[in-house]
>>> print(open('run-v4.cif').read())   # mmCIF, C-alpha atoms
data_input
#
loop_
_atom_site.label_atom_id
_atom_site.label_comp_id
_atom_site.auth_asym_id
_atom_site.auth_seq_id
_atom_site.Cartn_x
_atom_site.Cartn_y
_atom_site.Cartn_z
CA MET A 1 -106.28 -122.15 42.65
CA ALA A 2 -103.78 -122.01 39.80
CA LEU A 3 -100.97 -119.47 40.10
CA PRO A 4 -98.76 -118.04 37.34
CA TYR A 5 -95.22 -119.37 37.03
CA GLN A 6 -92.54 -116.67 36.85
CA ILE A 7 -89.04 -117.47 35.58
CA ALA A 8 -86.22 -115.11 36.52
CA THR A 9 -82.48 -114.68 36.86
CA LEU A 10 -80.64 -113.20 39.83
CA LEU A 11 -77.16 -111.72 39.41
CA TYR A 12 -74.62 -112.06 42.20
CA CYS A 13 -72.00 -109.39 41.48
CA PHE A 14 -68.91 -108.68 43.57
CA ASN A 15 -66.32 -105.92 43.75
CA PRO A 16 -62.56 -106.51 44.27
CA HIS A 17 -63.14 -106.51 48.08
CA ASP A 18 -65.56 -109.45 47.68
CA GLU A 19 -68.52 -107.28 48.66
CA VAL A 20 -71.79 -108.24 46.99
CA LEU A 21 -73.89 -105.76 45.04
CA LEU A 22 -77.54 -105.57 46.10
CA LEU A 23 -80.46 -103.50 44.88
CA GLU A 24 -82.96 -101.91 47.25
CA ARG A 25 -86.05 -102.60 45.20
CA SER A 26 -88.42 -99.73 44.46
CA GLY A 27 -91.16 -102.02 43.12
CA GLU A 28 -92.63 -105.47 43.59
CA PRO A 29 -91.61 -108.12 44.18
CA ASN A 30 -89.65 -107.33 47.34
CA ARG A 31 -90.28 -103.57 47.46
CA GLY A 32 -88.01 -101.91 50.05
CA LEU A 33 -85.84 -105.02 50.46
CA TRP A 34 -82.25 -105.63 49.36
CA SER A 35 -81.77 -108.36 46.77
CA PRO A 36 -79.53 -109.19 43.83
CA CYS A 37 -80.48 -107.46 40.60
CA GLY A 38 -81.93 -109.48 37.76
CA GLY A 39 -85.24 -109.95 36.07
CA LYS A 40 -87.78 -112.12 34.33
CA LEU A 41 -87.05 -114.19 31.25
CA HIS A 42 -88.71 -113.14 28.03
CA THR A 43 -90.43 -116.50 27.65
CA GLU A 44 -92.51 -115.33 24.70
CA VAL A 45 -89.35 -115.23 22.55
CA GLY A 46 -87.73 -118.34 24.03
CA GLU A 47 -84.98 -116.46 25.89
CA SER A 48 -82.54 -118.73 27.74
CA PRO A 49 -81.59 -118.09 31.38
CA TYR A 50 -78.04 -117.17 30.28
CA ALA A 51 -79.33 -114.73 27.64
CA CYS A 52 -81.65 -113.21 30.24
CA ALA A 53 -78.80 -112.78 32.73
CA CYS A 54 -76.65 -111.07 30.08
CA ARG A 55 -79.55 -108.80 29.06
CA GLU A 56 -80.33 -107.88 32.66
CA ALA A 57 -76.63 -107.14 33.35
CA GLU A 58 -76.64 -104.73 30.40
CA GLU A 59 -79.95 -103.09 31.35
CA GLU A 60 -79.35 -102.72 35.09
CA LEU A 61 -75.55 -102.59 35.43
CA GLY A 62 -74.34 -101.38 32.04
CA LEU A 63 -72.24 -104.55 31.65
CA ALA A 64 -71.84 -106.27 28.30
CA LEU A 65 -71.49 -109.92 29.30
CA LYS A 66 -71.27 -113.22 27.46
CA PRO A 67 -72.53 -116.54 28.87
CA GLN A 68 -68.94 -117.55 29.72
CA ASP A 69 -68.81 -114.53 32.10
CA LEU A 70 -71.42 -116.27 34.27
CA HIS A 71 -71.35 -119.18 36.71
CA LEU A 72 -74.70 -120.85 37.42
CA THR A 73 -74.51 -121.27 41.19
CA GLY A 74 -78.07 -122.35 41.88
CA ILE A 75 -81.63 -122.96 40.82
CA VAL A 76 -84.38 -122.14 43.29
CA SER A 77 -88.06 -122.90 42.83
CA GLU A 78 -90.67 -121.36 45.10
CA HIS A 79 -94.16 -122.84 45.30
CA GLY A 80 -96.84 -120.24 46.03
CA HIS A 81 -94.54 -117.33 46.99
CA GLU A 82 -96.69 -114.82 48.94
CA GLY A 83 -99.74 -116.65 47.56
CA ALA A 84 -99.25 -114.79 44.27
CA ALA A 85 -97.02 -116.92 42.02
CA HIS A 86 -94.68 -119.84 41.66
CA TRP A 87 -91.08 -118.82 40.88
CA LEU A 88 -88.19 -120.53 39.11
CA MET A 89 -84.97 -118.57 39.64
CA PHE A 90 -81.53 -119.08 38.13
CA LEU A 91 -78.78 -117.65 40.37
CA PHE A 92 -75.71 -116.53 38.43
CA GLU A 93 -72.44 -115.25 39.83
CA ILE A 94 -70.88 -112.72 37.49
CA LYS A 95 -67.20 -113.64 37.17
CA PRO A 96 -65.75 -110.20 36.29
CA ARG A 97 -65.52 -107.94 39.35
CA LEU A 98 -67.31 -104.58 39.40
CA LYS A 99 -64.86 -101.72 39.82
CA SER A 100 -67.48 -99.17 40.92
CA LEU A 101 -71.05 -98.88 42.13
CA PRO A 102 -73.52 -98.78 39.23
CA PRO A 103 -75.71 -95.68 38.97
CA ASN A 104 -79.18 -95.80 40.49
CA HIS A 105 -81.73 -97.53 38.30
CA ARG A 106 -85.49 -97.34 37.84
CA GLU A 107 -85.64 -100.63 39.77
CA GLY A 108 -83.94 -99.08 42.84
CA VAL A 109 -80.61 -98.05 44.33
CA PHE A 110 -77.43 -100.12 44.54
CA LYS A 111 -75.08 -100.71 47.45
CA PHE A 112 -72.18 -103.08 48.14
CA PHE A 113 -72.43 -105.25 51.27
CA SER A 114 -69.78 -107.32 53.00
CA ARG A 115 -70.87 -110.84 53.86
CA SER A 116 -71.14 -109.91 57.55
CA GLU A 117 -73.32 -106.86 56.77
CA LEU A 118 -75.99 -109.03 55.13
CA ALA A 119 -77.27 -110.20 58.52
CA ALA A 120 -78.44 -106.65 59.33
CA ALA A 121 -79.81 -105.84 55.85
CA LYS A 122 -83.53 -105.96 55.10
CA LEU A 123 -83.61 -109.11 52.92
CA PRO A 124 -86.54 -111.11 51.55
CA LYS A 125 -87.51 -113.90 53.97
CA THR A 126 -86.60 -116.76 51.61
CA ASP A 127 -83.22 -115.13 50.85
CA LEU A 128 -82.44 -114.85 54.55
CA GLU A 129 -83.70 -118.35 55.43
CA GLN A 130 -81.99 -120.40 52.78
CA ILE A 131 -80.93 -118.74 49.54
CA TRP A 132 -77.97 -116.77 50.97
CA PRO A 133 -76.73 -119.65 53.16
CA LEU A 134 -76.95 -122.01 50.16
CA PHE A 135 -75.23 -119.49 47.88
CA TRP A 136 -72.29 -119.06 50.27
CA GLN A 137 -72.01 -122.81 50.84
CA HIS A 138 -72.04 -123.57 47.11
CA ARG A 139 -70.22 -120.54 45.70
CA GLY A 140 -68.16 -121.90 42.84
CA GLY A 141 -70.25 -125.10 42.88
CA PHE A 142 -73.97 -125.65 42.33
CA PHE A 143 -77.19 -126.29 44.24
CA ALA A 144 -80.87 -126.73 43.47
CA ALA A 145 -83.50 -126.09 46.13
CA HIS A 146 -87.27 -125.96 46.38
CA CYS A 147 -89.32 -123.88 48.81
CA HIS A 148 -92.95 -124.66 49.51
CA CYS A 149 -94.31 -121.34 50.79
CA HIS A 150 -97.36 -121.73 53.03
CA GLY A 151 -100.10 -119.16 53.60
CA ASP A 152 -99.20 -118.85 57.30
CA GLY A 153 -95.73 -117.57 56.40
CA THR A 154 -93.84 -120.80 57.03
CA ASN A 155 -91.58 -122.17 54.35
CA VAL A 156 -90.54 -125.80 53.89
CA TRP A 157 -87.22 -126.18 52.08
CA THR A 158 -85.84 -129.17 50.21
CA VAL A 159 -82.31 -129.16 48.81
CA GLU A 160 -82.59 -131.25 45.66
CA GLU A 161 -78.98 -131.21 44.43
CA THR A 162 -75.65 -130.06 45.77
CA VAL A 163 -72.26 -129.98 44.06
CA ALA A 164 -69.18 -128.74 45.91
CA ALA A 165 -67.00 -126.08 44.37
CA THR A 166 -63.94 -127.20 42.47
CA ALA A 167 -60.54 -125.65 43.24
CA GLU A 168 -60.63 -123.82 39.88
CA CYS A 169 -64.10 -122.35 40.53
CA CYS A 170 -63.06 -121.22 44.02
CA ALA A 171 -60.05 -119.43 42.56
CA ILE A 172 -62.25 -117.73 39.96
CA SER A 173 -64.81 -116.49 42.49
CA LYS A 174 -62.14 -115.19 44.85
CA ASN A 175 -60.03 -113.42 42.27
CA THR A 176 -61.02 -111.16 39.42
CA GLY A 177 -63.06 -113.58 37.38
CA LYS A 178 -60.07 -114.93 35.48
CA LYS A 179 -58.62 -118.39 35.80
CA PRO A 180 -55.44 -118.57 37.89
#
>>> encode(input="run-v4.cif", output="structure tokens")
Amino acid sequence: MALPYQIATLLYCFNPHDEVLLLERSGEPNRGLWSPCGGKLHTEVGESPYACACREAEEELGLALKPQDLHLTGIVSEHGHEGAAHWLMFLFEIKPRLKSLPPNHREGVFKFFSRSELAAAKLPKTDLEQIWPLFWQHRGGFFAAHCHCHGDGTNVWTVEETVAATAECCAISKNTGKKP
């Protein structure tokens, strides 16, 4: 059976305390779970992943960003996620730090989490299994991974590319988004 292919961006935003901003989703996919904000590309108009990330940052966070305000940390493809669709997701870290919690949005409510608090948060299964560990390992670098989601709930992961962070990227992600 053929499934639709969804293309989306996820935005990894941090405050000055290096806490990550997550959205408790009020709708599908991932209703009731905490995940980075973001959204689907407008493929019908040829929107790029960077343009989508900037648009979603404006719509959901009220941030006016340019592509240079983003770092592409990863690309994740999911085959047959929940038996409903295939997904291609571009994971962007927003370089400028958020100074305050964004207001609630029609997509859900926002909250900052420390890295250690993520283990107790209700996260999507694929995020918990691999996406968060890969994000932390490659923050400031890059990775590409593929998940083959099976109907019995098991997922088979393949890391297809990995690039370590450079010293400059590490300094950017740990500071305020500006080069040292």
>>> closest_residue(input="run-v4.cif", among="A:Leu65, A:Ala2, A:Leu10, A:Ala85", to="Trp132 in chain A", atoms="only C-alpha atoms")
A:Leu10
>>> resolve_selection(input="run-v4.cif", expression="the PyMOL selection byres ((chain A and resi 29) around 12)", output="list in words")
Gln6, Ala8, Glu24, Arg25, Ser26, Gly27, Glu28, Asn30, Arg31, Gly32, Leu33, Trp34, Ser35, Cys37, Gly38, Gly39, Lys40, His81, Glu82, Ala84, Ala85, Trp87, Glu107, Gly108, Leu123 and Pro124 of chain A
>>> write_last_selection(input="run-v4.cif", atoms="C-alpha atoms", output="PDB file, in the frame of the given file")
ATOM      1  CA  GLN A   6     -92.540-116.670  36.850  1.00  0.00           C
ATOM      2  CA  ALA A   8     -86.220-115.110  36.520  1.00  0.00           C
ATOM      3  CA  GLU A  24     -82.960-101.910  47.250  1.00  0.00           C
ATOM      4  CA  ARG A  25     -86.050-102.600  45.200  1.00  0.00           C
ATOM      5  CA  SER A  26     -88.420 -99.730  44.460  1.00  0.00           C
ATOM      6  CA  GLY A  27     -91.160-102.020  43.120  1.00  0.00           C
ATOM      7  CA  GLU A  28     -92.630-105.470  43.590  1.00  0.00           C
ATOM      8  CA  ASN A  30     -89.650-107.330  47.340  1.00  0.00           C
ATOM      9  CA  ARG A  31     -90.280-103.570  47.460  1.00  0.00           C
ATOM     10  CA  GLY A  32     -88.010-101.910  50.050  1.00  0.00           C
ATOM     11  CA  LEU A  33     -85.840-105.020  50.460  1.00  0.00           C
ATOM     12  CA  TRP A  34     -82.250-105.630  49.360  1.00  0.00           C
ATOM     13  CA  SER A  35     -81.770-108.360  46.770  1.00  0.00           C
ATOM     14  CA  CYS A  37     -80.480-107.460  40.600  1.00  0.00           C
ATOM     15  CA  GLY A  38     -81.930-109.480  37.760  1.00  0.00           C
ATOM     16  CA  GLY A  39     -85.240-109.950  36.070  1.00  0.00           C
ATOM     17  CA  LYS A  40     -87.780-112.120  34.330  1.00  0.00           C
ATOM     18  CA  HIS A  81     -94.540-117.330  46.990  1.00  0.00           C
ATOM     19  CA  GLU A  82     -96.690-114.820  48.940  1.00  0.00           C
ATOM     20  CA  ALA A  84     -99.250-114.790  44.270  1.00  0.00           C
ATOM     21  CA  ALA A  85     -97.020-116.920  42.020  1.00  0.00           C
ATOM     22  CA  TRP A  87     -91.080-118.820  40.880  1.00  0.00           C
ATOM     23  CA  GLU A 107     -85.640-100.630  39.770  1.00  0.00           C
ATOM     24  CA  GLY A 108     -83.940 -99.080  42.840  1.00  0.00           C
ATOM     25  CA  LEU A 123     -83.610-109.110  52.920  1.00  0.00           C
ATOM     26  CA  PRO A 124     -86.540-111.110  51.550  1.00  0.00           C
TER      27      PRO A 124
END
>>> atom_distance(input="run-v4.cif", atom1="CA of Arg55 in chain A", atom2="CA of Leu11 in chain A")
11.0 Å
>>> resolve_selection(input="run-v4.cif", expression="the PyMOL selection byres ((chain A and resi 105) around 10)", output="ChimeraX atom specification")
/A:23,25-26,59-61,102-104,106-110
>>> write_last_selection(input="run-v4.cif", atoms="C-alpha atoms", output="mmCIF file, keeping the file's coordinate frame")
data_model
loop_
_atom_site.group_PDB
_atom_site.id
_atom_site.type_symbol
_atom_site.label_atom_id
_atom_site.label_comp_id
_atom_site.auth_asym_id
_atom_site.auth_seq_id
_atom_site.Cartn_x
_atom_site.Cartn_y
_atom_site.Cartn_z
ATOM 1 C CA LEU A 23 -80.460 -103.500 44.880
ATOM 2 C CA ARG A 25 -86.050 -102.600 45.200
ATOM 3 C CA SER A 26 -88.420 -99.730 44.460
ATOM 4 C CA GLU A 59 -79.950 -103.090 31.350
ATOM 5 C CA GLU A 60 -79.350 -102.720 35.090
ATOM 6 C CA LEU A 61 -75.550 -102.590 35.430
ATOM 7 C CA PRO A 102 -73.520 -98.780 39.230
ATOM 8 C CA PRO A 103 -75.710 -95.680 38.970
ATOM 9 C CA ASN A 104 -79.180 -95.800 40.490
ATOM 10 C CA ARG A 106 -85.490 -97.340 37.840
ATOM 11 C CA GLU A 107 -85.640 -100.630 39.770
ATOM 12 C CA GLY A 108 -83.940 -99.080 42.840
ATOM 13 C CA VAL A 109 -80.610 -98.050 44.330
ATOM 14 C CA PHE A 110 -77.430 -100.120 44.540
#
>>> closest_residue(input="run-v4.cif", among="A:Thr126, A:Thr43, A:Asn15, A:Thr166", to="His148 in chain A", atoms="only C-alpha atoms")
A:Thr126
>>> residues_around(input="run-v4.cif", residues="Met89 in chain A", least_positions_apart="3", cutoff="8 Å", atoms="only C-alpha atoms", output="VMD selection string")
chain A and resid 7 to 10 75 to 77
>>> write_last_selection(input="run-v4.cif", atoms="C-alpha atoms", output="mmCIF file, in the coordinates of the input")
data_model
loop_
_atom_site.group_PDB
_atom_site.id
_atom_site.type_symbol
_atom_site.label_atom_id
_atom_site.label_comp_id
_atom_site.auth_asym_id
_atom_site.auth_seq_id
_atom_site.Cartn_x
_atom_site.Cartn_y
_atom_site.Cartn_z
ATOM 1 C CA ILE A 7 -89.040 -117.470 35.580
ATOM 2 C CA ALA A 8 -86.220 -115.110 36.520
ATOM 3 C CA THR A 9 -82.480 -114.680 36.860
ATOM 4 C CA LEU A 10 -80.640 -113.200 39.830
ATOM 5 C CA ILE A 75 -81.630 -122.960 40.820
ATOM 6 C CA VAL A 76 -84.380 -122.140 43.290
ATOM 7 C CA SER A 77 -88.060 -122.900 42.830
#
>>> closest_atom_pairs(input="run-v4.cif", of="range 126-156 of chain A", to="range 92-97 of chain A", cutoff="10 Å", atoms="only C-alpha atoms", output="JSON lines")
{"residue": "A:Phe135", "atom": "CA", "partner": "A:Glu93", "partner_atom": "CA", "distance": 9.5}
{"residue": "A:Arg139", "atom": "CA", "partner": "A:Glu93", "partner_atom": "CA", "distance": 8.2}
{"residue": "A:Gly140", "atom": "CA", "partner": "A:Glu93", "partner_atom": "CA", "distance": 8.5}
>>> write_last_selection(input="run-v4.cif", atoms="C-alpha atoms", output="PDB file, in the frame of the given file")
ATOM      1  CA  PHE A 135     -75.230-119.490  47.880  1.00  0.00           C
ATOM      2  CA  ARG A 139     -70.220-120.540  45.700  1.00  0.00           C
ATOM      3  CA  GLY A 140     -68.160-121.900  42.840  1.00  0.00           C
TER       4      GLY A 140
END
>>> atom_distance(input="run-v4.cif", atom1="CA of Phe142 in chain A", atom2="CA of Asp69 in chain A")
16.0 Å
>>> resolve_selection(input="run-v4.cif", expression="the PyMOL selection byres ((chain A and resi 161) around 8)", output="PyMOL selection string")
chain A and resi 142-145+159-160+162-163
>>> closest_residue(input="run-v4.cif", among="A:Leu91, A:Ala121, A:Ala165, A:Ala57", to="Gly141 in chain A", atoms="all atoms listed in the file")
A:Ala165
>>> residues_around(input="run-v4.cif", residues="Cys147 in chain A", least_positions_apart="3", cutoff="7 Å", atoms="only C-alpha atoms", output="PyMOL selection string")
chain A and resi 77-79+155-158
>>> atom_distance(input="run-v4.cif", atom1="CA of Cys54 in chain A", atom2="CA of Gly80 in chain A")
27.3 Å
>>> closest_residue(input="run-v4.cif", among="A:Leu3, A:Pro67, A:Leu134, A:Arg115", to="Ser48 in chain A", atoms="all atoms listed in the file")
A:Pro67
>>> closest_residue(input="run-v4.cif", among="A:Val45, A:Ile131, A:Leu70, A:Leu63", to="Leu101 in chain A", atoms="only C-alpha atoms")
A:Leu63
